[in-house]
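What follows is the content of data-v5.txt (compact mmCIF, C-alpha atoms and all ligand atoms).
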# COMPACT_ATOMS: atom_id res chain seq x y z
CA MET G 30 -3.34 -0.67 38.16
CA GLU G 31 -2.52 1.89 40.84
CA SER G 32 -1.75 -0.74 43.47
CA THR G 33 0.29 -2.73 40.93
CA VAL G 34 2.43 0.24 40.00
CA ASN G 35 2.84 1.33 43.61
CA TYR G 36 3.89 -2.15 44.65
CA ILE G 37 6.53 -2.32 41.90
CA LYS G 38 7.82 1.21 42.53
CA GLU G 39 8.24 0.36 46.18
CA LYS G 40 10.47 -2.56 45.17
CA ILE G 41 12.53 -0.81 42.53
CA LYS G 42 12.87 2.52 44.39
CA ASP G 43 14.40 5.10 42.03
CA PHE G 44 15.16 2.65 39.21
CA GLN G 45 13.06 3.93 36.33
CA PRO G 46 13.05 1.53 33.35
CA GLU G 47 13.06 3.09 29.89
CA ILE G 48 13.02 -0.11 27.84
CA GLY G 49 10.80 -3.17 28.28
CA ILE G 50 11.63 -6.60 26.91
CA ILE G 51 9.24 -9.54 26.68
CA LEU G 52 11.31 -12.71 26.51
CA GLY G 53 9.69 -15.51 24.54
CA SER G 54 9.83 -19.30 24.79
CA GLY G 55 13.38 -20.53 25.32
CA LEU G 56 14.77 -16.98 25.30
CA GLY G 57 14.21 -16.16 28.96
CA ASP G 58 17.88 -16.73 29.84
CA PHE G 59 18.74 -13.31 28.51
CA ALA G 60 17.64 -11.84 31.83
CA ASP G 61 20.00 -14.04 33.89
CA GLY G 62 23.41 -12.99 35.12
CA PHE G 63 22.81 -9.28 35.57
CA GLU G 64 22.71 -7.50 38.86
CA SER G 65 18.96 -7.17 39.10
CA ILE G 66 15.80 -6.70 41.11
CA ILE G 67 13.48 -9.66 40.58
CA ILE G 68 9.75 -9.63 41.28
CA PRO G 69 7.77 -12.88 40.71
CA TYR G 70 4.42 -12.31 38.95
CA ASN G 71 2.78 -14.24 41.76
CA ASP G 72 3.79 -11.51 44.24
CA ILE G 73 2.47 -8.58 42.20
CA PRO G 74 -1.04 -7.37 43.02
CA GLY G 75 -3.10 -7.30 39.82
CA PHE G 76 -0.96 -9.92 38.02
CA GLU G 77 -2.67 -13.30 37.53
CA LYS G 78 -1.14 -16.31 39.23
CA SER G 79 1.18 -17.94 36.69
CA ASN G 80 2.29 -21.54 36.60
CA VAL G 81 3.72 -22.19 33.17
CA GLN G 82 6.23 -24.87 32.47
CA GLY G 83 9.52 -23.58 31.14
CA HIS G 84 8.72 -20.00 32.10
CA LYS G 85 9.95 -18.38 35.24
CA GLY G 86 7.16 -15.83 35.44
CA GLN G 87 8.93 -12.82 36.86
CA LEU G 88 9.86 -9.23 36.17
CA VAL G 89 13.60 -8.59 36.10
CA PHE G 90 14.88 -5.03 36.43
CA ALA G 91 18.49 -4.49 35.40
CA GLN G 92 20.87 -1.98 33.88
CA ILE G 93 22.25 -3.42 30.64
CA ASN G 94 24.74 -1.56 28.46
CA GLY G 95 23.84 1.64 30.20
CA LYS G 96 20.10 1.21 29.69
CA LYS G 97 17.56 0.71 32.43
CA VAL G 98 15.50 -2.28 31.40
CA VAL G 99 12.49 -4.21 32.70
CA MET G 100 12.28 -7.75 31.37
CA MET G 101 9.39 -10.18 31.45
CA GLN G 102 10.88 -13.60 31.96
CA GLY G 103 7.89 -15.52 30.67
CA ARG G 104 4.59 -14.08 29.46
CA TYR G 105 0.90 -14.87 29.81
CA HIS G 106 -0.43 -16.72 26.77
CA PHE G 107 -4.05 -16.60 25.62
CA TYR G 108 -3.96 -20.38 25.08
CA GLU G 109 -3.38 -20.93 28.77
CA GLY G 110 -6.86 -19.62 29.36
CA TYR G 111 -5.87 -16.13 30.48
CA SER G 112 -8.02 -13.25 29.26
CA MET G 113 -6.64 -10.75 26.77
CA GLN G 114 -6.70 -8.26 29.68
CA THR G 115 -4.38 -10.50 31.69
CA VAL G 116 -2.12 -11.14 28.70
CA THR G 117 -1.59 -7.44 28.04
CA PHE G 118 -1.77 -6.00 31.56
CA PRO G 119 2.04 -6.09 32.02
CA VAL G 120 2.46 -3.88 28.93
CA LYS G 121 0.18 -1.24 30.44
CA VAL G 122 2.12 -1.50 33.70
CA MET G 123 5.40 -0.95 31.83
CA LYS G 124 3.91 2.15 30.23
CA LYS G 125 2.91 3.46 33.66
CA LEU G 126 6.45 2.77 34.93
CA GLY G 127 7.83 5.10 32.27
CA VAL G 128 8.90 2.62 29.58
CA LYS G 129 9.19 4.23 26.13
CA THR G 130 10.34 1.31 23.98
CA LEU G 131 9.18 -2.31 24.04
CA ILE G 132 11.10 -5.19 22.52
CA ILE G 133 8.81 -8.19 22.01
CA THR G 134 10.34 -11.59 21.30
CA ASN G 135 8.82 -14.96 20.56
CA ALA G 136 9.38 -18.38 19.09
CA ALA G 137 7.60 -18.89 15.78
CA GLY G 138 7.24 -21.34 12.93
CA ALA G 139 8.65 -20.39 9.52
CA VAL G 140 5.87 -20.11 6.94
CA THR G 141 8.20 -19.00 4.15
CA PRO G 142 10.11 -22.04 2.84
CA GLU G 143 13.21 -19.95 2.09
CA PHE G 144 13.59 -19.14 5.78
CA THR G 145 15.56 -21.57 7.94
CA PRO G 146 14.90 -22.71 11.50
CA GLY G 147 17.44 -20.87 13.63
CA ASP G 148 17.01 -17.60 11.73
CA LEU G 149 15.88 -14.56 13.65
CA MET G 150 13.08 -12.58 12.00
CA LEU G 151 12.62 -8.85 12.53
CA ILE G 152 8.87 -8.38 12.55
CA THR G 153 7.75 -5.74 10.04
CA ASP G 154 4.03 -6.17 10.71
CA HIS G 155 1.54 -8.65 12.06
CA ILE G 156 -1.76 -10.28 11.17
CA ASN G 157 -3.92 -10.71 14.25
CA PHE G 158 -5.68 -14.01 13.59
CA MET G 159 -6.65 -14.59 17.20
CA GLY G 160 -10.27 -13.70 16.57
CA THR G 161 -10.37 -11.10 19.31
CA ASN G 162 -8.69 -7.86 20.29
CA PRO G 163 -7.18 -6.92 23.66
CA LEU G 164 -8.65 -3.40 23.43
CA ILE G 165 -12.26 -4.63 23.43
CA GLY G 166 -14.09 -3.17 26.42
CA LYS G 167 -14.26 0.19 28.11
CA ASN G 168 -11.41 2.42 26.96
CA ASP G 169 -8.99 3.98 29.45
CA GLU G 170 -8.35 7.39 27.86
CA THR G 171 -5.28 7.92 30.08
CA LEU G 172 -3.54 5.12 28.16
CA GLY G 173 -4.70 5.66 24.58
CA THR G 174 -7.45 6.44 22.14
CA ARG G 175 -10.51 4.30 21.32
CA PHE G 176 -9.54 3.65 17.69
CA PRO G 177 -5.74 3.52 17.53
CA ASP G 178 -3.92 3.77 14.21
CA MET G 179 -1.99 0.58 13.39
CA SER G 180 -0.09 1.69 10.29
CA GLU G 181 3.37 1.44 11.85
CA VAL G 182 3.17 -0.82 14.88
CA TYR G 183 6.76 -2.04 14.46
CA SER G 184 9.11 0.95 14.31
CA LYS G 185 10.89 1.23 10.97
CA GLU G 186 13.71 3.07 12.69
CA LEU G 187 14.24 0.24 15.19
CA ILE G 188 14.09 -2.36 12.43
CA GLN G 189 16.83 -0.49 10.56
CA LYS G 190 18.98 -0.31 13.67
CA ALA G 191 18.45 -4.00 14.44
CA GLU G 192 19.23 -4.91 10.85
CA ALA G 193 22.51 -3.00 10.86
CA ILE G 194 23.51 -4.73 14.10
CA ALA G 195 22.55 -8.19 12.84
CA GLN G 196 24.71 -7.60 9.77
CA LYS G 197 27.61 -6.38 11.87
CA LEU G 198 27.38 -9.44 14.13
CA ASN G 199 26.98 -11.80 11.19
CA ILE G 200 23.66 -13.12 12.46
CA ASN G 201 21.27 -14.85 10.07
CA TYR G 202 18.17 -12.72 10.05
CA GLN G 203 15.05 -12.24 7.99
CA LYS G 204 12.36 -9.60 7.93
CA GLY G 205 8.71 -10.47 7.69
CA VAL G 206 5.10 -10.55 8.79
CA TYR G 207 4.06 -12.48 11.90
CA ALA G 208 0.65 -14.15 11.95
CA ALA G 209 -0.76 -14.66 15.43
CA THR G 210 -3.02 -17.60 16.23
CA THR G 211 -4.44 -18.62 19.59
CA GLY G 212 -2.91 -22.09 19.67
CA PRO G 213 -2.33 -24.27 21.57
CA SER G 214 -2.60 -26.73 18.69
CA TYR G 215 -0.10 -26.04 15.95
CA GLU G 216 -1.53 -25.17 12.54
CA THR G 217 -2.63 -27.65 9.92
CA PRO G 218 -0.68 -27.59 6.64
CA SER G 219 -3.72 -25.96 5.00
CA GLU G 220 -3.79 -23.22 7.59
CA VAL G 221 -0.09 -22.57 7.03
CA LYS G 222 -0.70 -22.41 3.28
CA MET G 223 -3.49 -19.92 3.93
CA PHE G 224 -1.19 -17.78 6.08
CA ARG G 225 1.40 -17.79 3.32
CA MET G 226 -1.21 -16.69 0.78
CA LEU G 227 -2.27 -13.92 3.17
CA GLY G 228 1.27 -12.57 3.27
CA ALA G 229 2.58 -14.04 6.51
CA ASN G 230 6.18 -15.24 6.83
CA ALA G 231 5.97 -16.71 10.33
CA VAL G 232 3.27 -17.97 12.66
CA GLY G 233 3.10 -18.02 16.42
CA MET G 234 0.84 -17.89 19.46
CA SER G 235 1.69 -14.55 21.07
CA THR G 236 3.00 -11.03 20.42
CA ALA G 237 0.05 -9.50 18.52
CA PRO G 238 -1.96 -8.75 21.70
CA GLU G 239 1.03 -7.16 23.44
CA ALA G 240 1.97 -5.21 20.29
CA ILE G 241 -1.58 -3.92 19.83
CA VAL G 242 -1.67 -2.64 23.41
CA ALA G 243 1.88 -1.24 23.32
CA ASN G 244 1.11 0.62 20.10
CA TYR G 245 -2.10 1.94 21.61
CA CYS G 246 -0.13 3.21 24.62
CA GLY G 247 2.34 5.01 22.34
CA LEU G 248 5.31 2.72 22.92
CA LYS G 249 7.92 2.26 20.21
CA ILE G 250 8.05 -1.41 19.32
CA LEU G 251 10.66 -3.81 18.02
CA GLY G 252 9.53 -7.41 17.41
CA ILE G 253 11.93 -10.33 17.00
CA SER G 254 10.87 -13.89 16.22
CA CYS G 255 13.17 -16.81 16.69
CA LEU G 256 12.15 -19.16 13.89
CA THR G 257 12.37 -22.44 15.73
CA ASN G 258 10.86 -24.80 13.16
CA TYR G 259 9.20 -24.99 9.77
CA ALA G 260 5.47 -24.46 10.22
CA ALA G 261 3.31 -27.50 9.47
CA GLY G 262 3.50 -28.69 5.88
CA VAL G 263 6.52 -26.52 5.01
CA SER G 264 8.64 -29.57 5.72
CA GLU G 265 7.55 -33.18 6.16
CA THR G 266 8.41 -33.47 9.84
CA PRO G 267 5.71 -33.29 12.54
CA LEU G 268 6.07 -30.46 15.03
CA ASN G 269 6.75 -30.70 18.71
CA HIS G 270 7.47 -28.31 21.52
CA GLN G 271 10.87 -29.87 22.20
CA GLU G 272 12.08 -28.81 18.76
CA VAL G 273 10.96 -25.27 19.54
CA ILE G 274 12.94 -25.25 22.80
CA ASP G 275 15.99 -26.94 21.25
CA THR G 276 16.26 -24.45 18.38
CA ALA G 277 15.71 -21.50 20.70
CA ASN G 278 18.55 -22.86 22.85
CA ARG G 279 20.78 -23.23 19.82
CA VAL G 280 20.42 -19.59 18.76
CA LYS G 281 20.28 -18.17 22.26
CA GLU G 282 23.79 -16.77 22.08
CA SER G 283 23.25 -14.83 18.84
CA PHE G 284 19.92 -13.70 20.16
CA LYS G 285 21.53 -12.42 23.36
CA ASN G 286 24.29 -10.63 21.44
CA LEU G 287 21.81 -9.02 19.11
CA LEU G 288 19.63 -7.89 21.97
CA SER G 289 22.43 -6.38 24.02
CA GLU G 290 23.83 -4.49 21.01
CA ILE G 291 20.34 -3.23 20.22
CA LEU G 292 20.01 -1.94 23.78
CA LYS G 293 23.20 0.06 23.28
CA SER G 294 21.86 1.67 20.13
CA ILE G 295 18.36 2.61 21.31
N1 LIG B 1 3.27 -22.48 15.03
C1 LIG B 1 2.78 -21.72 16.03
N2 LIG B 1 3.48 -21.30 17.05
C2 LIG B 1 4.78 -21.67 17.10
C3 LIG B 1 5.37 -22.46 16.11
C4 LIG B 1 4.57 -22.89 15.02
O1 LIG B 1 5.01 -23.60 14.10
N3 LIG B 1 6.67 -22.65 16.46
C5 LIG B 1 6.86 -21.97 17.64
N4 LIG B 1 5.72 -21.38 18.02
Before we go any further, please render this structure as structure tokens.
Amino acid sequence: MESTVNYIKEKIKDFQPEIGIILGSGLGDFADGFESIIIPYNDIPGFEKSNVQGHKGQLVFAQINGKKVVMMQGRYHFYEGYSMQTVTFPVKVMKKLGVKTLIITNAAGAVTPEFTPGDLMLITDHINFMGTNPLIGKNDETLGTRFPDMSEVYSKELIQKAEAIAQKLNINYQKGVYAATTGPSYETPSEVKMFRMLGANAVGMSTAPEAIVANYCGLKILGISCLTNYAAGVSETPLNHQEVIDTANRVKESFKNLLSEILKSI
């Protein structure tokens, strides 16, 4: 951790990020076009080598709407075979760099039939269905406590702010609970039905590990899902990754607008 943080600080000099953003599948473009300092994950000591299709795999430091931001363009997924430690390490690094607020984004399937692909969903809570927890193992007391409270992982205040902005910008949004699965296979219709009965509104393959660790570290969290498709069985059509990318591309502009207005208001 120390060599990771030192390496990054050396690169960014006196730029001290206050907000972190994890950009999900198809949403990575947000980080493009700003004057920025870019550090590929593969150059950072302590970061696993990354080689994911469709993800750039780099940290982007930029000032956006007056806010100093560090963005993850691409994340480590558990389904790629990375450990939970690897998946959540960047969140701990952000904390050590001085980040106070983390915005976590993802692509997810809509479990609630009334939601529509293309809607953005403000995450009110999550169900960690990954069968493991990123905090398992020896606890680092400098980051957080052994048994962290999880009663408000997603900041109500940030949800309210995001909601007001979405309304102002006329963006279709929902609020709901995100169920996290390991993937990489999509869910069966029965699994989706189960998630609905358990109170989930969307399902995806990320976010919960990062949110657990960010909450443990005392970061304020805002979670936004881009609902890219109906989860299996909600509609008749089979799922494929291309649909996920296509829908994310379609709503990219609203997503970008929402995000940059949110940055202003934090
Ligand atoms: N299920 C799980 N993860 C996803 C989905 C889905 O339907 N869509 C995008 N990510």
Mind dumping a table of every chain G residue within 10 Å of ligand LIG 1 (chain B), with the nearest atom pair and its distance in Å to one decimal, using all atoms listed in the file, sorted by chain and rising number, as a tab-separated table?
residue	atom	partner	partner_atom	distance
G:Gly53	CA	B:LIG1	N4	9.6
G:Ser54	CA	B:LIG1	N4	8.2
G:Asn135	CA	B:LIG1	N4	7.6
G:Ala136	CA	B:LIG1	C5	4.6
G:Ala137	CA	B:LIG1	C5	3.7
G:Gly138	CA	B:LIG1	O1	3.4
G:Ala139	CA	B:LIG1	O1	6.7
G:Val140	CA	B:LIG1	O1	8.0
G:Pro146	CA	B:LIG1	N3	9.6
G:Ala208	CA	B:LIG1	C1	8.9
G:Ala209	CA	B:LIG1	C1	7.9
G:Thr210	CA	B:LIG1	C1	7.1
G:Thr211	CA	B:LIG1	C1	8.6
G:Gly212	CA	B:LIG1	C1	6.8
G:Pro213	CA	B:LIG1	N2	7.9
G:Ser214	CA	B:LIG1	C1	7.8
G:Tyr215	CA	B:LIG1	N1	5.0
G:Glu216	CA	B:LIG1	N1	6.0
G:Thr217	CA	B:LIG1	N1	9.4
G:Val221	CA	B:LIG1	N1	8.7
G:Ala231	CA	B:LIG1	C4	7.9
G:Val232	CA	B:LIG1	C1	5.1
G:Gly233	CA	B:LIG1	N2	3.4
G:Met234	CA	B:LIG1	N2	4.9
G:Ser235	CA	B:LIG1	N2	8.1
G:Ser254	CA	B:LIG1	C5	9.1
G:Cys255	CA	B:LIG1	C5	8.2
G:Leu256	CA	B:LIG1	N3	7.0
G:Thr257	CA	B:LIG1	N3	5.8
G:Asn258	CA	B:LIG1	N3	5.8
G:Tyr259	CA	B:LIG1	O1	6.2
G:Ala260	CA	B:LIG1	O1	4.0
G:Ala261	CA	B:LIG1	O1	6.3
G:Gly262	CA	B:LIG1	O1	9.8
G:Val263	CA	B:LIG1	O1	9.7
G:Pro267	CA	B:LIG1	O1	9.8
G:Leu268	CA	B:LIG1	O1	7.0
G:Asn269	CA	B:LIG1	N3	8.4
G:His270	CA	B:LIG1	C5	7.5
G:Gln271	CA	B:LIG1	C5	10.0
G:Glu272	CA	B:LIG1	N3	8.5
G:Val273	CA	B:LIG1	C5	5.6
G:Ile274	CA	B:LIG1	C5	8.6
G:Thr276	CA	B:LIG1	C5	9.7
G:Ala277	CA	B:LIG1	C5	9.4
TODO: Could you pull out every residue with an atom within 9 Å of (22.6, -1.1, 28.7), file coordinates, counting only C-alpha atoms, and send them as a ChimeraX atom specification?
DONE: /G:91-98,289-290,292-293
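The spacing separating atom CA of Met30 of chain G from atom CA of Gly62 of chain G amounts to 29.6 Å.
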Open item on the list: Distance cut-off 9 Å, centre (7.3, -3.6, 11.2) in file coordinates, counting all atoms listed in the file: which residues qualify? Return them as a PyMOL selection string.
Closed with: chain G and resi 151-155+181-185+187-188+204-206+250-252
Those residues with C-alpha atoms, as a short mmCIF file (atom, residue, chain, number, x, y, z; two decimals), in the coordinates of the input please?
data_model
loop_
_atom_site.label_atom_id
_atom_site.label_comp_id
_atom_site.auth_asym_id
_atom_site.auth_seq_id
_atom_site.Cartn_x
_atom_site.Cartn_y
_atom_site.Cartn_z
CA LEU G 151 12.62 -8.85 12.53
CA ILE G 152 8.87 -8.38 12.55
CA THR G 153 7.75 -5.74 10.04
CA ASP G 154 4.03 -6.17 10.71
CA HIS G 155 1.54 -8.65 12.06
CA GLU G 181 3.37 1.44 11.85
CA VAL G 182 3.17 -0.82 14.88
CA TYR G 183 6.76 -2.04 14.46
CA SER G 184 9.11 0.95 14.31
CA LYS G 185 10.89 1.23 10.97
CA LEU G 187 14.24 0.24 15.19
CA ILE G 188 14.09 -2.36 12.43
CA LYS G 204 12.36 -9.60 7.93
CA GLY G 205 8.71 -10.47 7.69
CA VAL G 206 5.10 -10.55 8.79
CA ILE G 250 8.05 -1.41 19.32
CA LEU G 251 10.66 -3.81 18.02
CA GLY G 252 9.53 -7.41 17.41
#
Task: Pick from G:Met223, G:Pro218, G:Gly103, G:Cys246 nearest to Glu265 of chain G, counting all atoms listed in the file - done: G:Pro218
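Between Val122 of chain G and the residues G:Lys197, G:Arg225, G:Lys85, G:Lys38, the shortest atom-to-atom distance, using all atoms listed in the file, involves G:Lys38.
Of the listed residues G:Met150, G:Met179, G:Ile194, G:Ile156, the one whose atoms come nearest to Gly228 of chain G is G:Ile156, with distances taken using all atoms listed in the file.
Atom CA of Leu198 of chain G to atom CA of Phe144 of chain G spans 18.8 Å [interatomic distance, one decimal].
In this structure, atom CA of Asp72 of chain G sits 19.6 Å away from atom CA of Lys124 of chain G.
Using only C-alpha atoms, the nearest neighbour of Glu186 of chain G within the list G:Thr134, G:Thr266, G:Ser294, G:Thr236 is G:Ser294.
If you measure from each of G:Ala195, G:Leu131, G:Ile241, G:Met123 to Ser180 of chain G using only C-alpha atoms, the closest one turns out to be G:Ile241.
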Task: Which of G:Asp61, G:Glu143, G:Glu39, G:Glu31 sits closest to Ser264 of chain G [using all atoms listed in the file] - done: G:Glu143
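Every protein, DNA or RNA residue with an atom at most 12 Å from Lys125 of chain G, where only C-alpha atoms count and chain neighbours fewer than 6 positions away do not, is listed here: Met30, Glu31, Ser32, Thr33, Val34, Asn35, Ile37, Lys38, Gln45, Pro46, Glu47, Gly49, Phe118, Pro119, Thr171, Leu172, Ala243, Cys246, Gly247 and Leu248 of chain G.
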Where atoms are absent from segment 84-106 of chain G, fill them in so it carries N, CA, C and O atoms, then output it as a compact mmCIF listing (two decimals), in the frame of the given file.
# COMPACT_ATOMS: atom_id res chain seq x y z
N HIS G 84 8.67 -21.45 31.95
CA HIS G 84 8.72 -20.00 32.10
C HIS G 84 8.90 -19.69 33.56
O HIS G 84 8.28 -20.29 34.41
N LYS G 85 9.74 -18.71 33.84
CA LYS G 85 9.95 -18.38 35.24
C LYS G 85 8.80 -17.54 35.79
O LYS G 85 8.41 -17.69 36.93
N GLY G 86 8.26 -16.67 34.97
CA GLY G 86 7.16 -15.83 35.44
C GLY G 86 7.60 -14.78 36.42
O GLY G 86 7.16 -14.78 37.57
N GLN G 87 8.50 -13.90 35.97
CA GLN G 87 8.93 -12.82 36.86
C GLN G 87 9.38 -11.60 36.07
O GLN G 87 9.79 -11.70 34.92
N LEU G 88 9.31 -10.46 36.74
CA LEU G 88 9.86 -9.23 36.17
C LEU G 88 11.30 -9.11 36.66
O LEU G 88 11.58 -9.34 37.83
N VAL G 89 12.19 -8.77 35.75
CA VAL G 89 13.60 -8.59 36.10
C VAL G 89 14.02 -7.18 35.70
O VAL G 89 13.93 -6.81 34.53
N PHE G 90 14.44 -6.41 36.69
CA PHE G 90 14.88 -5.03 36.43
C PHE G 90 16.40 -4.99 36.48
O PHE G 90 17.00 -5.40 37.48
N ALA G 91 17.03 -4.52 35.42
CA ALA G 91 18.49 -4.49 35.40
C ALA G 91 19.00 -3.37 34.49
O ALA G 91 18.29 -2.95 33.57
N GLN G 92 20.21 -2.93 34.78
CA GLN G 92 20.87 -1.98 33.88
C GLN G 92 21.75 -2.78 32.93
O GLN G 92 22.64 -3.52 33.37
N ILE G 93 21.49 -2.65 31.62
CA ILE G 93 22.25 -3.42 30.64
C ILE G 93 22.79 -2.45 29.59
O ILE G 93 22.03 -1.71 28.97
N ASN G 94 24.10 -2.48 29.41
CA ASN G 94 24.74 -1.56 28.46
C ASN G 94 24.27 -0.13 28.66
O ASN G 94 23.95 0.57 27.70
N GLY G 95 24.19 0.25 29.90
CA GLY G 95 23.84 1.64 30.20
C GLY G 95 22.35 1.96 30.15
O GLY G 95 21.94 3.08 30.42
N LYS G 96 21.53 0.96 29.80
CA LYS G 96 20.10 1.21 29.69
C LYS G 96 19.34 0.56 30.83
O LYS G 96 19.62 -0.60 31.20
N LYS G 97 18.39 1.27 31.37
CA LYS G 97 17.56 0.71 32.43
C LYS G 97 16.42 -0.08 31.79
O LYS G 97 15.62 0.47 31.04
N VAL G 98 16.38 -1.37 32.12
CA VAL G 98 15.50 -2.28 31.40
C VAL G 98 14.60 -3.05 32.37
O VAL G 98 15.04 -3.44 33.46
N VAL G 99 13.35 -3.26 31.98
CA VAL G 99 12.49 -4.21 32.70
C VAL G 99 12.19 -5.37 31.75
O VAL G 99 11.75 -5.16 30.62
N MET G 100 12.49 -6.58 32.21
CA MET G 100 12.28 -7.75 31.37
C MET G 100 11.19 -8.64 31.93
O MET G 100 11.11 -8.83 33.14
N MET G 101 10.36 -9.15 31.05
CA MET G 101 9.39 -10.18 31.45
C MET G 101 10.02 -11.52 31.12
O MET G 101 10.22 -11.85 29.96
N GLN G 102 10.35 -12.26 32.17
CA GLN G 102 10.88 -13.60 31.96
C GLN G 102 9.67 -14.54 31.97
O GLN G 102 9.21 -14.98 33.02
N GLY G 103 9.15 -14.79 30.79
CA GLY G 103 7.89 -15.52 30.67
C GLY G 103 6.73 -14.55 30.52
O GLY G 103 6.74 -13.47 31.08
N ARG G 104 5.76 -14.92 29.70
CA ARG G 104 4.59 -14.08 29.46
C ARG G 104 3.32 -14.89 29.69
O ARG G 104 3.36 -16.11 29.82
N TYR G 105 2.21 -14.20 29.75
CA TYR G 105 0.90 -14.87 29.81
C TYR G 105 0.44 -15.14 28.38
O TYR G 105 0.45 -14.24 27.55
N HIS G 106 0.08 -16.39 28.11
CA HIS G 106 -0.43 -16.72 26.77
C HIS G 106 -1.96 -16.86 26.82
O HIS G 106 -2.51 -17.38 27.79
